[in-house]
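Reproduced below: data_8.tsv, with TSV, C-alpha atoms.
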```
chain	number	residue	atom	x	y	z
A	1	MET	CA	58.33	69.77	-91.56
A	2	THR	CA	56.50	68.36	-88.54
A	3	ASP	CA	57.43	69.22	-84.98
A	4	THR	CA	58.95	65.80	-84.34
A	5	GLN	CA	61.06	66.07	-87.51
A	6	ARG	CA	62.24	69.49	-86.40
A	7	ILE	CA	63.24	68.03	-83.03
A	8	ALA	CA	64.99	65.07	-84.66
A	9	ARG	CA	66.94	67.38	-86.97
A	10	GLY	CA	67.92	69.67	-84.11
A	11	LEU	CA	69.06	66.73	-82.00
A	12	ARG	CA	71.09	65.31	-84.87
A	13	GLN	CA	72.83	68.68	-85.26
A	14	ARG	CA	73.19	69.03	-81.49
A	15	ASP	CA	71.39	72.35	-81.63
A	16	ILE	CA	71.83	73.67	-78.08
A	17	THR	CA	69.10	76.29	-78.50
A	18	LEU	CA	66.62	73.55	-79.32
A	19	LEU	CA	67.82	71.57	-76.30
A	20	HIS	CA	67.12	74.53	-74.02
A	21	GLU	CA	63.68	74.90	-75.60
A	22	LEU	CA	62.96	71.21	-75.02
A	23	VAL	CA	64.00	71.53	-71.38
A	24	GLU	CA	61.57	74.43	-70.92
A	25	GLN	CA	58.81	72.54	-72.70
A	26	TYR	CA	59.18	69.03	-71.25
A	27	GLN	CA	60.86	69.50	-67.89
A	28	PHE	CA	57.56	69.59	-66.02
A	29	ARG	CA	56.41	66.30	-67.55
A	30	LEU	CA	59.77	64.65	-67.01
A	31	VAL	CA	59.79	65.62	-63.34
A	32	ARG	CA	56.22	64.38	-62.92
A	33	TYR	CA	57.04	61.06	-64.59
A	34	LEU	CA	60.07	60.55	-62.35
A	35	ILE	CA	58.07	61.42	-59.23
A	36	TYR	CA	55.50	58.78	-60.19
A	37	LEU	CA	58.24	56.30	-60.93
A	38	LEU	CA	60.20	56.84	-57.72
A	39	GLY	CA	57.40	57.97	-55.42
A	40	ARG	CA	59.46	60.80	-54.04
A	41	ARG	CA	60.83	64.24	-54.87
A	42	ASP	CA	64.42	64.63	-53.80
A	43	ALA	CA	67.96	65.08	-55.08
A	44	VAL	CA	67.77	61.72	-56.89
A	45	VAL	CA	64.99	63.08	-59.11
A	46	ASP	CA	67.07	66.21	-59.82
A	47	ASP	CA	70.08	64.08	-60.77
A	48	LEU	CA	67.99	61.86	-63.01
A	49	VAL	CA	66.40	64.86	-64.72
A	50	GLN	CA	69.82	66.33	-65.42
A	51	GLU	CA	71.25	63.02	-66.59
A	52	THR	CA	68.25	62.45	-68.87
A	53	TRP	CA	68.79	65.77	-70.65
A	54	LEU	CA	72.50	65.06	-71.02
A	55	ARG	CA	71.63	61.72	-72.62
A	56	VAL	CA	69.23	63.52	-74.95
A	57	LEU	CA	72.10	65.75	-76.02
A	58	GLU	CA	74.60	62.90	-76.41
A	59	HIS	CA	72.32	60.32	-78.02
A	60	GLY	CA	69.96	62.67	-79.85
A	61	ARG	CA	70.92	61.07	-83.16
A	62	SER	CA	69.00	57.94	-82.20
A	63	TYR	CA	65.69	59.84	-82.18
A	64	ASN	CA	64.25	59.40	-85.67
A	65	GLY	CA	61.37	61.88	-85.50
A	66	ARG	CA	58.86	59.33	-86.79
A	67	SER	CA	57.28	58.83	-83.37
A	68	ARG	CA	56.48	61.37	-80.69
A	69	PHE	CA	59.30	62.84	-78.61
A	70	GLU	CA	57.75	62.13	-75.19
A	71	PRO	CA	57.94	58.30	-75.27
A	72	TRP	CA	61.59	58.53	-76.36
A	73	LEU	CA	62.34	60.97	-73.53
A	74	PHE	CA	60.55	58.81	-70.95
A	75	THR	CA	62.36	55.70	-72.16
A	76	ILE	CA	65.70	57.39	-71.49
A	77	ALA	CA	64.51	58.55	-68.07
A	78	ARG	CA	63.21	55.07	-67.26
A	79	ASN	CA	66.46	53.36	-68.26
A	80	LEU	CA	68.47	55.78	-66.14
A	81	THR	CA	66.12	55.20	-63.21
A	82	MET	CA	66.52	51.44	-63.58
A	83	ASP	CA	70.31	51.85	-63.64
A	84	HIS	CA	70.12	54.00	-60.54
A	85	LEU	CA	67.96	51.44	-58.73
A	86	ARG	CA	70.25	48.60	-59.81
A	87	LYS	CA	73.23	50.47	-58.43
A	88	ARG	CA	71.40	50.53	-55.14
A	89	ARG	CA	71.14	46.75	-55.38
A	90	ILE	CA	67.50	46.86	-56.35
A	91	VAL	CA	66.77	44.48	-59.16
A	92	SER	CA	63.51	45.67	-60.64
A	93	LEU	CA	60.78	48.21	-60.44
A	94	ASP	CA	58.38	45.28	-60.21
A	95	SER	CA	59.38	44.75	-56.63
A	96	ASN	CA	58.55	47.27	-54.01
A	97	ALA	CA	62.16	47.10	-52.94
A	98	ASP	CA	62.76	50.79	-53.38
A	99	SER	CA	60.08	51.49	-50.84
A	100	SER	CA	61.69	49.02	-48.45
A	101	ASP	CA	65.01	50.71	-49.06
A	102	GLN	CA	63.33	53.98	-48.18
A	103	ALA	CA	61.80	52.28	-45.14
A	104	GLN	CA	65.28	51.20	-44.07
A	105	GLN	CA	66.45	54.81	-44.35
A	106	ASP	CA	63.43	55.90	-42.37
A	107	ARG	CA	64.35	53.48	-39.62
A	108	GLU	CA	67.85	54.87	-39.60
A	109	HIS	CA	66.61	58.45	-39.51
A	110	PRO	CA	63.31	58.34	-37.59
A	111	SER	CA	63.12	62.11	-37.34
A	112	LEU	CA	62.51	62.32	-41.08
A	113	ILE	CA	59.55	59.91	-41.23
A	114	SER	CA	56.33	61.67	-40.44
A	115	SER	CA	57.53	65.24	-40.92
A	116	ALA	CA	57.85	64.97	-44.72
A	117	PRO	CA	54.60	64.61	-46.66
A	118	SER	CA	54.77	62.60	-49.86
A	119	PRO	CA	55.03	64.46	-53.19
A	120	PHE	CA	51.50	63.27	-53.97
A	121	GLU	CA	50.12	64.87	-50.82
A	122	LEU	CA	51.99	68.07	-51.63
A	123	ALA	CA	50.81	68.10	-55.22
A	124	ALA	CA	47.15	67.28	-54.51
A	125	ARG	CA	44.98	70.25	-55.48
A	126	THR	CA	41.49	68.76	-55.42
A	127	GLU	CA	39.46	66.76	-52.95
A	128	GLU	CA	39.64	63.66	-55.17
A	129	ALA	CA	43.40	64.02	-55.49
A	130	HIS	CA	43.80	64.27	-51.71
A	131	ARG	CA	41.73	61.09	-51.40
A	132	ILE	CA	43.98	59.05	-53.67
A	133	ALA	CA	47.33	60.62	-52.70
A	134	HIS	CA	48.03	58.08	-49.99
A	135	THR	CA	47.00	55.17	-52.21
A	136	LEU	CA	49.30	56.37	-54.96
A	137	GLU	CA	52.14	56.56	-52.48
A	138	SER	CA	51.67	52.93	-51.47
A	139	LEU	CA	51.05	51.68	-55.01
A	140	GLU	CA	53.94	49.82	-56.61
A	141	PRO	CA	55.99	51.96	-59.03
A	142	ILE	CA	55.04	49.99	-62.14
A	143	TYR	CA	51.34	50.69	-61.53
A	144	ARG	CA	51.90	54.38	-60.81
A	145	GLU	CA	53.96	54.55	-63.97
A	146	ALA	CA	51.17	52.98	-66.04
A	147	LEU	CA	48.69	55.48	-64.60
A	148	VAL	CA	50.77	58.58	-65.27
A	149	LEU	CA	51.63	57.53	-68.79
A	150	ARG	CA	48.04	56.72	-69.73
A	151	PHE	CA	45.97	59.31	-67.92
A	152	GLN	CA	48.32	62.26	-67.53
A	153	GLU	CA	50.71	61.93	-70.41
A	154	GLU	CA	47.91	60.49	-72.55
A	155	LEU	CA	50.29	58.12	-74.30
A	156	SER	CA	48.77	55.35	-76.41
A	157	LEU	CA	48.99	51.81	-75.12
A	158	GLN	CA	51.55	51.09	-77.83
A	159	GLU	CA	53.71	54.03	-76.72
A	160	ILE	CA	53.45	52.95	-73.07
A	161	SER	CA	54.44	49.45	-74.09
A	162	THR	CA	57.54	50.89	-75.79
A	163	VAL	CA	58.48	53.00	-72.78
A	164	MET	CA	57.95	50.20	-70.27
A	165	GLY	CA	59.38	47.51	-72.50
A	166	VAL	CA	56.47	45.13	-71.88
A	167	PRO	CA	53.72	43.67	-74.12
A	168	LEU	CA	50.47	45.58	-74.67
A	169	THR	CA	48.49	43.06	-72.60
A	170	THR	CA	50.79	43.70	-69.63
A	171	VAL	CA	50.30	47.45	-70.01
A	172	SER	CA	46.50	47.03	-69.99
A	173	SER	CA	46.51	44.72	-67.00
A	174	ARG	CA	48.75	47.11	-65.05
A	175	ILE	CA	46.38	49.98	-65.74
A	176	TYR	CA	43.33	47.89	-64.78
A	177	ARG	CA	44.98	46.81	-61.58
A	178	ALA	CA	46.08	50.35	-60.67
A	179	LEU	CA	42.58	51.65	-61.34
A	180	ALA	CA	41.10	48.84	-59.23
A	181	THR	CA	43.31	49.90	-56.32
A	182	LEU	CA	42.27	53.54	-56.63
A	183	ARG	CA	38.61	52.53	-56.99
A	184	ALA	CA	38.86	50.40	-53.86
A	185	GLN	CA	40.22	53.43	-52.02
A	186	MET	CA	37.29	55.55	-53.20
A	187	GLU	CA	34.78	52.88	-52.16
A	188	GLY	CA	36.54	52.37	-48.82
A	189	GLU	CA	36.35	56.07	-48.01
A	190	GLU	CA	32.68	56.20	-48.93
A	191	HIS	CA	31.95	53.30	-46.57
A	192	ALA	CA	33.99	55.01	-43.86
A	193	ASP	CA	31.96	58.22	-44.34
B	194	MET	CA	24.53	34.60	-64.60
B	195	GLN	CA	23.89	38.21	-63.51
B	196	THR	CA	27.33	38.30	-61.86
B	197	ASP	CA	28.91	37.11	-65.10
B	198	LEU	CA	27.19	39.93	-66.97
B	199	HIS	CA	28.42	42.54	-64.44
B	200	ASP	CA	31.95	41.13	-64.65
B	201	ALA	CA	31.85	41.30	-68.42
B	202	MET	CA	30.55	44.88	-68.32
B	203	ARG	CA	33.16	45.90	-65.77
B	204	HIS	CA	35.81	44.55	-68.05
B	205	ILE	CA	34.37	46.63	-70.89
B	206	ILE	CA	34.32	49.69	-68.60
B	207	ASP	CA	38.02	49.12	-67.86
B	208	LYS	CA	38.75	48.67	-71.55
B	209	SER	CA	36.77	51.80	-72.34
B	210	LEU	CA	38.71	53.87	-69.78
B	211	VAL	CA	42.00	52.64	-71.18
B	212	GLY	CA	40.81	53.29	-74.73
B	213	GLU	CA	40.65	49.67	-75.83
B	214	ALA	CA	36.89	49.10	-76.12
B	215	SER	CA	35.51	48.58	-79.61
B	216	ALA	CA	32.49	50.53	-80.92
B	217	PRO	CA	30.06	47.59	-80.45
B	218	GLU	CA	31.37	47.11	-76.90
B	219	GLN	CA	30.88	50.80	-76.15
B	220	GLN	CA	27.34	50.62	-77.47
B	221	GLU	CA	26.57	47.52	-75.42
B	222	LEU	CA	28.02	49.21	-72.37
B	223	ARG	CA	25.95	52.36	-72.84
B	224	LYS	CA	22.79	50.26	-73.01
B	225	HIS	CA	23.74	48.28	-69.94
B	226	LEU	CA	24.66	51.34	-67.88
B	227	LEU	CA	21.20	52.80	-68.44
B	228	GLU	CA	19.65	49.98	-66.49
B	229	CYS	CA	22.36	48.79	-64.07
B	230	ALA	CA	23.06	50.83	-60.95
B	231	VAL	CA	25.90	48.53	-59.83
B	232	CYS	CA	27.88	49.01	-63.02
B	233	GLN	CA	27.01	52.73	-63.06
B	234	LYS	CA	28.66	53.01	-59.66
B	235	TYR	CA	31.69	51.07	-60.91
B	236	ALA	CA	32.05	53.37	-63.90
B	237	SER	CA	31.56	56.48	-61.81
B	238	ASP	CA	34.18	55.40	-59.21
B	239	SER	CA	36.62	54.65	-62.00
B	240	ARG	CA	36.07	58.05	-63.59
B	241	ARG	CA	36.49	59.75	-60.21
B	242	ALA	CA	39.80	57.98	-59.75
B	243	ILE	CA	40.98	59.27	-63.12
B	244	VAL	CA	39.70	62.76	-62.36
B	245	GLY	CA	41.59	62.49	-59.06
B	246	LEU	CA	44.80	61.81	-60.99
B	247	ASN	CA	44.31	65.04	-62.86
B	248	GLY	CA	43.93	66.90	-59.59
B	249	PHE	CA	47.65	66.83	-58.89
B	250	SER	CA	49.85	69.73	-59.84
B	251	PHE	CA	53.53	68.97	-60.02
B	252	ALA	CA	54.31	72.28	-61.67
B	253	PRO	CA	55.87	73.84	-58.53
B	254	PHE	CA	58.32	70.91	-58.31
B	255	ALA	CA	59.34	71.22	-61.94
B	256	ALA	CA	59.49	75.00	-61.92
B	257	ASP	CA	62.27	74.88	-59.34
B	258	PRO	CA	64.60	77.59	-60.74
B	259	GLY	CA	67.61	75.90	-59.16
B	260	LEU	CA	66.95	72.69	-61.06
B	261	GLN	CA	66.26	74.52	-64.33
B	262	ALA	CA	69.48	76.50	-64.03
B	263	LYS	CA	71.44	73.36	-63.13
B	264	VAL	CA	70.12	71.51	-66.18
B	265	HIS	CA	70.81	74.40	-68.58
B	266	ALA	CA	74.32	74.86	-67.19
B	267	ALA	CA	75.04	71.12	-67.41
B	268	LEU	CA	73.88	71.07	-71.03
B	269	ASP	CA	76.06	74.05	-71.95
B	270	LEU	CA	79.09	72.50	-70.28
B	271	ARG	CA	78.54	69.12	-71.93
B	272	MET	CA	78.08	70.80	-75.28
B	273	GLN	CA	81.43	72.57	-74.85
B	274	GLN	CA	83.06	69.25	-74.01
B	275	LEU	CA	81.53	67.61	-77.06
B	276	GLN	CA	82.68	70.45	-79.28
B	277	ALA	CA	86.17	70.25	-77.77
B	278	ALA	CA	86.22	66.52	-78.50
B	279	GLN	CA	85.25	67.15	-82.13
B	280	PRO	CA	88.75	68.23	-83.41
B	281	ASN	CA	90.10	65.16	-81.65
B	282	HIS	CA	87.91	63.00	-83.85
B	283	GLN	CA	89.05	64.85	-86.96
B	284	ARG	CA	92.67	64.26	-85.95
B	285	ILE	CA	91.95	60.56	-85.46
B	286	VAL	CA	90.44	60.35	-88.94
B	287	ARG	CA	93.49	62.11	-90.47
B	288	ILE	CA	95.96	59.83	-88.64
B	289	SER	CA	93.97	56.78	-89.74
B	290	ILE	CA	94.03	57.87	-93.38
B	291	VAL	CA	97.79	58.46	-93.27
B	292	ALA	CA	98.30	55.07	-91.57
B	293	PHE	CA	96.30	53.33	-94.30
B	294	LEU	CA	98.16	55.10	-97.11
B	295	LEU	CA	101.55	54.22	-95.61
B	296	THR	CA	100.43	50.63	-95.16
B	297	ILE	CA	99.32	50.35	-98.78
B	298	VAL	CA	102.59	51.86	-100.03
B	299	GLY	CA	104.60	49.69	-97.64
B	300	SER	CA	102.74	46.54	-98.69
B	301	PHE	CA	103.31	47.30	-102.37
B	302	GLY	CA	107.00	47.85	-101.73
B	303	ALA	CA	107.25	44.70	-99.65
B	304	LEU	CA	105.75	42.59	-102.43
B	305	HIS	CA	108.58	43.74	-104.75
B	306	LEU	CA	111.18	42.75	-102.21
B	307	GLY	CA	110.27	39.06	-102.67
B	308	ASP	CA	112.82	38.39	-105.45
B	309	PRO	CA	115.91	40.11	-103.91
B	310	LEU	CA	115.09	38.59	-100.54
B	311	ALA	CA	114.77	35.09	-102.03
B	312	ALA	CA	118.12	35.55	-103.80
B	313	PHE	CA	119.80	36.90	-100.66
B	314	LEU	CA	118.53	34.11	-98.39
B	315	HIS	CA	118.72	31.39	-101.07
B	316	LEU	CA	115.02	30.61	-100.65
B	317	PRO	CA	112.29	29.89	-103.18
B	318	VAL	CA	110.49	33.16	-104.17
B	319	ALA	CA	107.11	31.91	-102.89
B	320	GLN	CA	108.61	31.19	-99.48
B	321	ALA	CA	110.25	34.63	-99.30
B	322	GLN	CA	106.95	36.29	-100.24
B	323	ALA	CA	105.09	34.24	-97.63
B	324	GLY	CA	107.62	35.39	-95.05
B	325	LEU	CA	107.18	39.02	-96.09
B	326	PHE	CA	103.43	38.66	-95.88
B	327	THR	CA	103.51	37.02	-92.45
B	328	PHE	CA	106.11	39.26	-90.83
B	329	TRP	CA	105.55	42.58	-92.59
B	330	ILE	CA	102.35	43.06	-94.56
B	331	ALA	CA	99.88	41.31	-92.22
B	332	PRO	CA	101.21	42.95	-89.01
B	333	SER	CA	101.23	46.40	-90.64
B	334	TRP	CA	97.59	45.99	-91.78
B	335	CYS	CA	96.61	44.88	-88.30
B	336	LEU	CA	98.36	47.90	-86.81
B	337	ALA	CA	96.80	50.24	-89.36
B	338	LEU	CA	93.37	48.92	-88.41
B	339	LEU	CA	94.09	49.03	-84.68
B	340	VAL	CA	95.38	52.61	-84.62
B	341	PRO	CA	92.00	54.33	-85.19
B	342	VAL	CA	90.22	51.91	-82.86
B	343	LEU	CA	92.69	52.54	-80.04
B	344	LEU	CA	92.61	56.29	-80.60
B	345	LEU	CA	88.81	56.31	-80.57
B	346	VAL	CA	88.66	54.23	-77.40
B	347	SER	CA	91.14	56.48	-75.63
B	348	ALA	CA	89.31	59.62	-76.79
B	349	ARG	CA	86.01	58.18	-75.60
B	350	SER	CA	87.37	57.24	-72.18
B	351	ALA	CA	88.95	60.70	-71.83
B	352	ASN	CA	85.56	62.13	-72.73
B	353	ARG	CA	83.82	60.02	-70.10
B	354	LYS	CA	86.23	61.16	-67.41
B	355	GLY	CA	85.32	64.72	-68.27
B	356	GLN	CA	81.58	64.06	-67.94
B	357	ILE	CA	79.54	66.12	-65.56
B	358	VAL	CA	78.66	64.37	-62.34
```
With the file now loaded, output its structure as structure tokens.
Amino acid sequence: MTDTQRIARGLRQRDITLLHELVEQYQFRLVRYLIYLLGRRDAVVDDLVQETWLRVLEHGRSYNGRSRFEPWLFTIARNLTMDHLRKRRIVSLDSNADSSDQAQQDREHPSLISSAPSPFELAARTEEAHRIAHTLESLEPIYREALVLRFQEELSLQEISTVMGVPLTTVSSRIYRALATLRAQMEGEEHAD
Amino acid sequence: MQTDLHDAMRHIIDKSLVGEASAPEQQELRKHLLECAVCQKYASDSRRAIVGLNGFSFAPFAADPGLQAKVHAALDLRMQQLQAAQPNHQRIVRISIVAFLLTIVGSFGALHLGDPLAAFLHLPVAQAQAGLFTFWIAPSWCLALLVPVLLLVSARSANRKGQIV
């Protein structure tokens, strides 16, 4: 029995021990994905993480074990994030509306603006990472999402297409565009130096 | 012409980074990169950007013990709720089976009432049977079908109310 089949069987039987194991194993990646998707690390991410795992428990029967577990998990997390954003009257991740919503909050609470570094700045461990942290922060969520799924989660283009619910060509063009933005940042900094 | 070639090679570099470039394209790219400094720079900047992405560590965020504990506790609680809801489902199934059996027996009995009813009301037998079907058999089948649906809906909504916020 493969690992994915074992997970599918456990989820069908609502095996709580397996669920706890999955939390331990995938929590880090789920949190990272949500940070890339939302561009922040706050209570909303915590709530979405918790809600995602509850959905995994409740709807585990819909995971068939034929494909990898990660894309299925990220699809649940993405759908919940979209619901959350819709509830906040934000129509789509394609718009940068969430950032403007955040900007509105920042205007209302100016004391919170500059004091809090972005999660990307906090998570940057290398010189290159520090260089692109700010660019990532300003990048639209759909491009950040494409980057994390391809280069950190190492999902195939087909899997990314399933998670994002868009055609393969759209996935590729989002990755190209995100890379172009990061590259421009690198070049810009070199010229500045 | 030269610009076109660079553009084409840059596109292949992008495809190669994403994992879409074919073997002939990769080979063509390798040859081109050996002699083109502009495209070498493009490829190198792209690779640095990707390396940069791997220079983030979100582990401290995810390893938040408060969040882990919250998730595990929420799962345990939800599991208990689901298990508690399980007997409810079994009861619904049992009630539905009984409702169906009673309906079948009732319908069978009602069909045999056609003759006495026709005689009592001085109606043709077919008309009496049609009346029995319209006012007894059909409504009882509808009810028998509705009972499990209504019970399931009410159980589900009760379940939702009990969900963890």
Near chain A, which residues of chain B fall within 6 Å when you count all atoms listed in the file, and what do they look like as a PyMOL selection string? chain B and resi 238-239+242+245+248-251+255+264
Identify which of the residues B:Ala348, B:Leu260, B:Leu198, B:Leu304 lies closest to Val231 of chain B, counting all atoms listed in the file when measuring atom-to-atom distances. B:Leu198
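Atom CA of Gly307 of chain B lies 5.0 Å from atom CA of Gln322 of chain B.
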My list of candidates is B:Leu246, B:Leu325, B:Leu270, B:Pro317. Which is closest to His305 of chain B when distances are computed with all atoms listed in the file?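 So, comparing all the options, the nearest one is B:Leu325.
For the pair atom CA of His265 of chain B and atom CA of Ser62 of chain A, the interatomic distance is 21.4 Å.
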In terms of the shortest atom-to-atom distance over all atoms listed in the file, which of A:Gln158, A:Leu37, A:Thr169, A:Glu140 is closest to Leu80 of chain A? A:Leu37
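Rounded to one decimal, atom CA of Ser333 of chain B and atom CA of Ala312 of chain B lie 24.0 Å from each other.
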Would you list the contacts of Asp3 of chain A as an MDAnalysis selection string, taking every protein, DNA or RNA residue within 10 Å and counting all atoms listed in the file, but skipping same-chain residues closer than 5 positions in sequence? chainID A and resid 8:9 65 68:69
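Taking only C-alpha atoms into account, Tyr63 of chain A lies nearest to A:Ile7 out of the set A:Ala77, A:Ile7, A:Leu34, A:Met164.
For segment 299-302 of chain B, the residues within 8 Å (counting all atoms listed in the file, excluding itself and residues fewer than 4 positions away along the chain) are Leu295, Leu306, Trp329 and Ile330 of chain B.
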Distance criterion (all atoms listed in the file): nearest to Glu159 of chain A out of A:Phe74, A:Gln25, A:Val44, A:Thr135: A:Phe74
Write out as a list in words each polymer residue whose atoms come within 9 Å of Val318 of chain B, counting only C-alpha atoms; drop sequence neighbours fewer than 5 positions from it. Gly307, Asp308, Pro309, Leu310, Ala311, Ala312 and Ala323 of chain B
